[in-house]
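The structure under discussion appears below in the form of structure tokens.
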Amino acid sequence: MDPFKSFAAKRIFLGILFLGVVLWVIGTILGSFEAPSSPTGPETATVAETRGDSAGHDPAAALIRAPGEVAGSHEARRPPAAPEEKIVTASGTPTPPPTAPHETAKAPEVSHNQSAKADHQTGDSASGKAAPHGVDTASQEHDLAPGVLFVDAIITPLDYELNKRFWGWRPNDILNFTDNVNNFQLGVLEVTRRAVTTLTERISRTGTTAAFDPDLENAMNWLMLRAEDYWLPSPESKYNEALDDLRSYKAKLEKNKATFYTRTDNLIPLLAAFEDLLGSCDENLAKFEEKGGDPVSFFDADNYFFYAQGVASALGVMLEAIYEEYLKTLEARRATEILHHAIEWCHHATQIDPWIITDSELDGILANHRANMAAPISHARFYLGVLIKTLST
């Protein structure tokens, strides 16, 4: 063998090995400072937190989850069905639910009151107070006013980013060391903005001639402040004021002094807004060039990745609440399983947690993490589109 080729081969091999070690060390260091909290770690939001229990958990996971449940199963987030519960087909013939292990779990069809009870029990189990199977928990049951779960789902993700995450709100920091978390928080903010806007303009009103709820109108306006502004006014303070206004609206719902309409024509615009947001994320994750023709830079790749993950994190919580609030509407259109799939793909997007974001060629040795994130985002967007069409017919 040519001595030069032997010499070069050894040096190339050692160079690749050294580069791998350096990337591993850098990824470990950056992961300890920048990566958003793992959705499956100990900081997992539960419905107990949305009830007001100050556990301080990360809401990146789905809204309803008790310890020991399967991470990717929406059905596992609900109490077990009664033995006699069956799924009724279109012909009216009761049939047992599908049990094949390779099939996706179908969310059980339960009434709104049963859902409220399930939420309450799940919240207790998440705080270590789970009732044993067979124990009568009727004394724990309470009916939630329509809209309470929905407003809780709006508040929880942004409240965590503002007040419970270490170092708080970061997009407007003068010294910017954690751009991954910054972009994650911007994704959460965009979901919150769209949910509050639709709640203010559509869901809380009977029609175009009805007056806006003043608390919701204030919340919508405060959330429109630029996230990167430093002061006068600071976005942190105004976003917190928006959350306070949402809590005021929630209190009025509980006292039957405000309105929340679970009509199909109110739900469709909200889902369309979410679909548009996912479409923007999908484009940024899948594109190879920016609008000017320049290739996507290494520094933009991780921005797109974590922004999309922030969107998926908050959106998963929102869709869980929509499932509960609009359950009767979804059941009437046989659309519960479609929404279930959208929830699951949002959850899958939050599970991608690399040490360092690489943007390699699709057939390269290193991963293309934008492409990895694009898959669940695209699937979630697809199922929201199917859900919109189903509800529109």
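Identifiers in this document derive from the order of the structure tokens: chains are assigned A, B, ..., residues are numbered from 1 separately in each chain, and ligands are numbered from 1 in order of occurrence.
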
Residue neighbourhood A:Pro146, 8 Å, only C-alpha atoms, exclusion window fewer than 4 positions, as a CSV table (one decimal) with C-alpha atoms, in the first residue's frame:
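What follows is the written file selection26.csv:
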```csv
chain,number,residue,atom,x,y,z
A,253,LEU,CA,-67.0,31.2,33.7
A,260,PHE,CA,-68.1,29.8,26.2
A,261,TYR,CA,-69.7,28.2,23.2
A,325,GLU,CA,-64.4,20.7,25.9
```

Residues of stretch 171-250 of chain A that approach stretch 267-278 of chain A to 8 Å or less, counting only C-alpha atoms: could you list each one with the shortest pair of atoms and its distance in Å to one decimal, rows by chain and increasing residue number, as JSON lines?
```
{"residue": "A:Val191", "atom": "CA", "partner": "A:Phe274", "partner_atom": "CA", "distance": 7.2}
{"residue": "A:Arg194", "atom": "CA", "partner": "A:Ala273", "partner_atom": "CA", "distance": 6.5}
{"residue": "A:Ala195", "atom": "CA", "partner": "A:Leu270", "partner_atom": "CA", "distance": 6.7}
{"residue": "A:Thr198", "atom": "CA", "partner": "A:Leu270", "partner_atom": "CA", "distance": 5.9}
{"residue": "A:Ile203", "atom": "CA", "partner": "A:Leu267", "partner_atom": "CA", "distance": 7.4}
```

Keeping only N, CA and C atoms, write the selected residues to a file as a PDB file, in the first residue's frame.
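That gives us part19.pdb:
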```pdb
ATOM      1  N   VAL A 191     -48.678  29.922  19.826  1.00  0.00           N
ATOM      2  CA  VAL A 191     -49.878  29.113  20.057  1.00  0.00           C
ATOM      3  C   VAL A 191     -50.825  29.848  20.996  1.00  0.00           C
ATOM      4  N   ARG A 194     -52.733  32.745  19.184  1.00  0.00           N
ATOM      5  CA  ARG A 194     -53.804  32.317  18.299  1.00  0.00           C
ATOM      6  C   ARG A 194     -55.001  31.778  19.083  1.00  0.00           C
ATOM      7  N   ALA A 195     -54.733  31.087  20.179  1.00  0.00           N
ATOM      8  CA  ALA A 195     -55.833  30.564  20.987  1.00  0.00           C
ATOM      9  C   ALA A 195     -56.624  31.699  21.631  1.00  0.00           C
ATOM     10  N   THR A 198     -58.763  33.673  18.959  1.00  0.00           N
ATOM     11  CA  THR A 198     -59.985  32.975  18.564  1.00  0.00           C
ATOM     12  C   THR A 198     -60.983  32.916  19.708  1.00  0.00           C
ATOM     13  N   ILE A 203     -65.114  32.189  20.099  1.00  0.00           N
ATOM     14  CA  ILE A 203     -65.647  31.184  21.020  1.00  0.00           C
ATOM     15  C   ILE A 203     -66.447  31.803  22.158  1.00  0.00           C
TER      16      ILE A 203
END
```

A:Thr259, A:Ser280, A:Thr156, A:Ser234: which is nearest A:Ala211, counting only C-alpha atoms?
A:Thr259

Exercise: stretch 292-298 of chain A partners within 8 Å, only C-alpha atoms, chain neighbours under 4 positions left out, as a list in words
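Within the cut-off, the hits are Lys287, Phe288, Asp302, Thr358 and Asp359 of chain A.
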
Would you give me, as a VMD selection string, the residues in stretch 146-343 of chain A that DSSP reads as helix (DSSP H, G or I)?
chain A and resid 148 to 164 179 to 203 214 to 223 235 to 254 264 to 286 298 to 325 327 to 332 336 to 343

Identify which of the residues A:Leu315, A:Leu366, A:Ile174, A:Ala210 lies closest to A:Glu228, counting only C-alpha atoms when measuring atom-to-atom distances.
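Checking each of A:Leu315, A:Leu366, A:Ile174, A:Ala210 against A:Glu228, counting only C-alpha atoms, the winner is A:Ile174.
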